[in-house]
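The structure file input_30.cif is reproduced below (mmCIF, C-alpha atoms and all ligand atoms).
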data_model
loop_
_atom_site.group_PDB
_atom_site.id
_atom_site.type_symbol
_atom_site.label_atom_id
_atom_site.label_comp_id
_atom_site.auth_asym_id
_atom_site.auth_seq_id
_atom_site.Cartn_x
_atom_site.Cartn_y
_atom_site.Cartn_z
ATOM 1 C CA MET A 13 7.311 7.855 5.225
ATOM 2 C CA MET A 14 8.246 6.753 1.725
ATOM 3 C CA PRO A 15 12.026 6.236 1.523
ATOM 4 C CA LYS A 16 13.809 8.260 -1.190
ATOM 5 C CA ASN A 17 15.042 5.106 -2.935
ATOM 6 C CA CYS A 18 11.713 3.240 -2.964
ATOM 7 C CA ASN A 19 11.215 1.394 -6.238
ATOM 8 C CA PHE A 20 7.992 -0.331 -5.158
ATOM 9 C CA CYS A 21 9.639 -3.734 -5.159
ATOM 10 C CA GLY A 22 7.200 -4.798 -2.432
ATOM 11 C CA LEU A 23 9.745 -6.643 -0.314
ATOM 12 C CA CYS A 24 8.475 -4.873 2.815
ATOM 13 C CA CYS A 25 5.052 -6.431 2.146
ATOM 14 C CA THR A 26 6.536 -9.841 2.964
ATOM 15 C CA LEU A 27 7.242 -8.780 6.576
ATOM 16 C CA ALA A 28 4.887 -9.546 9.458
ATOM 17 C CA VAL A 29 2.567 -6.554 9.982
ATOM 18 C CA LYS A 30 0.873 -6.155 13.354
ATOM 19 C CA VAL A 31 -2.587 -4.599 13.249
ATOM 20 C CA THR A 32 -4.621 -2.974 16.012
ATOM 21 C CA GLU A 33 -8.329 -3.606 16.508
ATOM 22 C CA ALA A 34 -9.072 -0.105 15.173
ATOM 23 C CA GLU A 35 -7.043 -0.835 12.036
ATOM 24 C CA VAL A 36 -8.835 -4.150 11.536
ATOM 25 C CA ARG A 37 -12.167 -2.305 11.703
ATOM 26 C CA ASN A 38 -10.919 0.290 9.218
ATOM 27 C CA ILE A 39 -10.002 -2.451 6.758
ATOM 28 C CA GLU A 40 -13.346 -4.180 7.307
ATOM 29 C CA GLN A 41 -15.026 -0.953 6.197
ATOM 30 C CA LEU A 42 -13.580 -1.669 2.763
ATOM 31 C CA GLY A 43 -15.617 -4.876 2.623
ATOM 32 C CA HIS A 44 -13.043 -7.414 3.854
ATOM 33 C CA SER A 45 -13.747 -9.937 6.640
ATOM 34 C CA ARG A 46 -11.187 -10.118 9.426
ATOM 35 C CA GLU A 47 -11.157 -13.922 9.162
ATOM 36 C CA ASP A 48 -9.845 -13.550 5.632
ATOM 37 C CA PHE A 49 -7.013 -11.110 6.325
ATOM 38 C CA THR A 50 -5.875 -11.636 9.933
ATOM 39 C CA GLU A 51 -4.173 -14.369 11.895
ATOM 40 C CA LYS A 52 -2.291 -14.663 15.189
ATOM 41 C CA ASP A 53 1.479 -14.836 15.442
ATOM 42 C CA ALA A 54 3.318 -17.001 17.982
ATOM 43 C CA GLY A 55 3.099 -14.191 20.531
ATOM 44 C CA GLY A 56 -0.675 -13.821 20.173
ATOM 45 C CA ASN A 57 -0.481 -10.595 18.168
ATOM 46 C CA THR A 58 -2.917 -10.005 15.317
ATOM 47 C CA ILE A 59 -1.040 -9.796 12.021
ATOM 48 C CA LEU A 60 -2.000 -9.614 8.344
ATOM 49 C CA LYS A 61 -2.090 -12.972 6.560
ATOM 50 C CA ARG A 62 0.673 -13.684 4.056
ATOM 51 C CA PRO A 63 -0.505 -16.451 1.757
ATOM 52 C CA GLY A 64 2.203 -17.251 -0.768
ATOM 53 C CA GLY A 65 4.856 -15.289 1.114
ATOM 54 C CA TRP A 66 3.430 -11.793 0.827
ATOM 55 C CA CYS A 67 0.609 -9.794 2.397
ATOM 56 C CA CYS A 68 -2.896 -10.736 1.312
ATOM 57 C CA PHE A 69 -3.435 -7.115 0.191
ATOM 58 C CA PHE A 70 -0.327 -7.030 -1.993
ATOM 59 C CA GLU A 71 -0.392 -7.435 -5.735
ATOM 60 C CA ARG A 72 2.060 -6.875 -8.551
ATOM 61 C CA LYS A 73 0.955 -4.675 -11.415
ATOM 62 C CA ASN A 74 3.245 -3.924 -14.345
ATOM 63 C CA GLY A 75 6.229 -5.102 -12.328
ATOM 64 C CA VAL A 76 5.647 -2.942 -9.262
ATOM 65 C CA GLY A 77 4.077 -3.720 -5.918
ATOM 66 C CA VAL A 78 0.668 -2.258 -5.151
ATOM 67 C CA CYS A 79 -1.222 -2.158 -1.859
ATOM 68 C CA LYS A 80 -4.919 -2.842 -2.346
ATOM 69 C CA ILE A 81 -5.818 -1.021 0.887
ATOM 70 C CA TYR A 82 -3.293 1.813 0.569
ATOM 71 C CA GLU A 83 -5.497 4.492 2.184
ATOM 72 C CA LYS A 84 -6.292 2.203 5.129
ATOM 73 C CA ARG A 85 -2.944 0.458 5.475
ATOM 74 C CA PRO A 86 -1.834 -0.097 9.090
ATOM 75 C CA ALA A 87 0.702 2.114 10.894
ATOM 76 C CA PRO A 88 3.715 -0.232 10.434
ATOM 77 C CA CYS A 89 3.215 0.042 6.654
ATOM 78 C CA LYS A 90 2.823 3.833 6.761
ATOM 79 C CA ASP A 91 5.906 4.206 8.946
ATOM 80 C CA PHE A 92 8.218 1.767 7.131
ATOM 81 C CA PRO A 93 11.223 1.975 7.021
ATOM 82 C CA GLY A 94 11.376 4.874 9.480
ATOM 83 C CA LYS A 95 14.509 6.300 7.837
ATOM 84 C CA PRO A 96 15.308 8.163 4.585
ATOM 85 C CA LEU A 97 16.657 5.155 2.660
ATOM 86 C CA CYS A 98 15.353 1.593 2.504
ATOM 87 C CA ASP A 99 18.069 -1.032 3.063
ATOM 88 C CA LEU A 100 15.823 -4.065 3.399
ATOM 89 C CA ARG A 101 17.632 -5.852 0.574
ATOM 90 C CA ASP A 102 20.740 -6.055 2.754
ATOM 91 C CA ASN A 103 18.849 -7.269 5.801
ATOM 92 C CA VAL A 104 20.619 -10.286 7.250
ATOM 93 C CA VAL A 105 17.365 -12.267 7.451
ATOM 94 C CA PHE A 106 17.032 -12.122 3.674
ATOM 95 C CA ARG A 107 20.738 -12.324 2.865
ATOM 96 C CA LEU A 108 21.306 -15.488 4.873
ATOM 97 C CA SER A 109 17.966 -17.135 4.105
ATOM 98 C CA LYS A 110 18.490 -20.588 2.627
ATOM 99 C CA ASN A 111 14.840 -21.431 2.057
ATOM 100 C CA MET A 112 13.457 -18.151 0.784
ATOM 101 C CA HIS A 113 9.931 -18.495 -0.584
ATOM 102 C CA PRO A 114 10.074 -18.077 -4.403
ATOM 103 C CA ASN A 115 7.703 -15.078 -4.241
ATOM 104 C CA VAL A 116 9.828 -13.415 -1.575
ATOM 105 C CA LYS A 117 12.983 -14.123 -3.598
ATOM 106 C CA LEU A 118 11.388 -12.497 -6.630
ATOM 107 C CA LEU A 119 10.807 -9.282 -4.666
ATOM 108 C CA TRP A 120 14.179 -9.426 -2.913
ATOM 109 C CA GLU A 121 15.914 -9.498 -6.284
ATOM 110 C CA LYS A 122 13.986 -6.346 -7.304
ATOM 111 C CA ALA A 123 14.672 -4.447 -4.080
ATOM 112 C CA PRO A 124 17.002 -1.434 -4.372
ATOM 113 C CA LYS A 125 20.716 -1.976 -3.804
ATOM 114 C CA LYS A 126 22.877 0.555 -2.008
ATOM 115 C CA SER A 127 24.695 1.231 -5.285
ATOM 116 C CA ASP A 128 21.496 2.104 -7.182
ATOM 117 C CA PRO A 129 21.188 5.816 -8.067
ATOM 118 C CA LEU A 130 18.440 7.679 -6.245
ATOM 119 C CA PRO A 131 15.411 8.700 -8.307
ATOM 120 C CA LYS A 132 15.454 12.381 -9.264
ATOM 121 C CA GLU A 133 12.002 13.011 -7.812
ATOM 122 C CA GLU A 134 10.335 11.933 -4.599
ATOM 123 C CA PRO A 135 8.685 8.553 -5.178
ATOM 124 C CA GLU A 136 4.894 8.524 -5.188
ATOM 125 C CA PHE A 137 2.734 5.474 -4.679
ATOM 126 C CA PRO A 138 1.927 4.062 -8.130
ATOM 127 C CA LEU A 139 -1.874 4.182 -8.279
HETATM 128 S S1 LIG B 201 11.154 -2.791 0.450
HETATM 129 FE FE1 LIG B 201 11.850 -0.675 0.449
HETATM 130 S S2 LIG B 201 12.108 -0.174 -1.728
HETATM 131 FE FE2 LIG B 201 10.836 -1.995 -1.632
HETATM 132 S S3 LIG B 201 8.702 -1.199 -1.636
HETATM 133 FE FE3 LIG B 201 9.327 -1.472 0.527
HETATM 134 S S4 LIG B 201 10.102 0.564 1.095
HETATM 135 FE FE4 LIG B 201 10.061 0.509 -1.139
HETATM 136 S S1 LIG B 202 -1.242 -3.634 3.988
HETATM 137 FE FE1 LIG B 202 -0.454 -2.912 2.035
HETATM 138 S S2 LIG B 202 1.469 -1.891 2.516
HETATM 139 FE FE2 LIG B 202 0.949 -3.172 4.288
HETATM 140 S S3 LIG B 202 1.989 -5.127 3.940
HETATM 141 FE FE3 LIG B 202 -0.062 -5.314 3.097
HETATM 142 S S4 LIG B 202 0.139 -4.768 0.917
HETATM 143 FE FE4 LIG B 202 1.979 -4.026 1.993
#
Encoding of this model in structure tokens:
Amino acid sequence: MMPKNCNFCGLCCTLAVKVTEAEVRNIEQLGHSREDFTEKDAGGNTILKRPGGWCCFFERKNGVGVCKIYEKRPAPCKDFPGKPLCDLRDNVVFRLSKNMHPNVKLLWEKAPKKSDPLPKEEPEFPL
């Protein structure tokens, strides 16, 4: 569910995203090799690679974040943040981070603040 205050900053695309085998196969249907886009986390889960701090399928176009596999994005991406408003900017992990990757910092600074006015219309993915 797209939160009402989403401004496509892309900060959520810096989080670890777990993928199921079925989702990996879906993404492979787009012509990607699993070796290129998956890795294992410390717990042995398959997650999307994040070279340079953000997901390998993330790109910035005209100042907004774009998902290159939007139609086949995994469930954690479709479901994020699981509530009407995104408050990732205030997340303690980001707020207290002392060694934030420069790319992550760039997105964090663009993420919506609580004080930002809500957009008048429901946000739609910027294709
Ligand atoms: S971090 Fe929040 S505001 Fe930014 S793109 Fe993700 S959902 Fe939208
Ligand atoms: S798959 Fe798309 S939506 Fe999910 S983290 Fe990667 S770029 Fe973001």
Evaluate the PyMOL selection byres (((chain A and resi 106) around 12) and not hetatm) against this structure - the residues, as a PDB file with C-alpha atoms, keeping the file's coordinate frame, please.
ATOM      1  CA  LEU A  23       9.745  -6.643  -0.314  1.00  0.00           C
ATOM      2  CA  CYS A  24       8.475  -4.873   2.815  1.00  0.00           C
ATOM      3  CA  THR A  26       6.536  -9.841   2.964  1.00  0.00           C
ATOM      4  CA  LEU A  27       7.242  -8.780   6.576  1.00  0.00           C
ATOM      5  CA  ASP A  99      18.069  -1.032   3.063  1.00  0.00           C
ATOM      6  CA  LEU A 100      15.823  -4.065   3.399  1.00  0.00           C
ATOM      7  CA  ARG A 101      17.632  -5.852   0.574  1.00  0.00           C
ATOM      8  CA  ASP A 102      20.740  -6.055   2.754  1.00  0.00           C
ATOM      9  CA  ASN A 103      18.849  -7.269   5.801  1.00  0.00           C
ATOM     10  CA  VAL A 104      20.619 -10.286   7.250  1.00  0.00           C
ATOM     11  CA  VAL A 105      17.365 -12.267   7.451  1.00  0.00           C
ATOM     12  CA  ARG A 107      20.738 -12.324   2.865  1.00  0.00           C
ATOM     13  CA  LEU A 108      21.306 -15.488   4.873  1.00  0.00           C
ATOM     14  CA  SER A 109      17.966 -17.135   4.105  1.00  0.00           C
ATOM     15  CA  LYS A 110      18.490 -20.588   2.627  1.00  0.00           C
ATOM     16  CA  ASN A 111      14.840 -21.431   2.057  1.00  0.00           C
ATOM     17  CA  MET A 112      13.457 -18.151   0.784  1.00  0.00           C
ATOM     18  CA  HIS A 113       9.931 -18.495  -0.584  1.00  0.00           C
ATOM     19  CA  VAL A 116       9.828 -13.415  -1.575  1.00  0.00           C
ATOM     20  CA  LYS A 117      12.983 -14.123  -3.598  1.00  0.00           C
ATOM     21  CA  LEU A 118      11.388 -12.497  -6.630  1.00  0.00           C
ATOM     22  CA  LEU A 119      10.807  -9.282  -4.666  1.00  0.00           C
ATOM     23  CA  TRP A 120      14.179  -9.426  -2.913  1.00  0.00           C
ATOM     24  CA  GLU A 121      15.914  -9.498  -6.284  1.00  0.00           C
ATOM     25  CA  ALA A 123      14.672  -4.447  -4.080  1.00  0.00           C
TER      26      ALA A 123
END
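Candidate residues A:Phe49, A:Trp66, A:Phe92, A:Tyr82 were compared for distance to Pro138 (chain A), and the nearest is A:Tyr82, using all atoms listed in the file.
In this model, the gap between atom S3 of ligand LIG 202 (chain B) and CA of Cys98 (chain A) comes to 15.0 Å.
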Within 10 Å of ligand LIG 201 (chain B) (all atoms listed in the file), residues as a PyMOL selection string: chain A and resi 13-27+76-79+89-101+119-120+122-125+135+137
Residues within 12 Å of (-7.2, -2.3, 17.3), file coords, only C-alpha atoms, listed as a PyMOL selection string: chain A and resi 30-40+46+50+57-59+86-87
Return the single residue from A:Leu42, A:Ala28, A:Ala54, A:Leu130 that is closest to ligand LIG 202 (chain B), with distances computed using only C-alpha atoms and all ligand atoms. A:Ala28
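If only C-alpha atoms are the atoms counted, then among A:Ser127, A:Glu134, A:Arg85, A:Pro114 the closest residue to Phe70 (chain A) is A:Arg85.
For the choices A:Gly43, A:Lys73, A:Lys84, A:Asp48, the atom-to-atom distance to ligand LIG 202 (chain B) is smallest for A:Lys84 when using only C-alpha atoms and all ligand atoms.
Here the question is which of A:Glu83, A:Pro131, A:Asn74, A:Glu47 gets nearest to Leu60 (chain A) using all atoms listed in the file, and that residue is A:Glu47.
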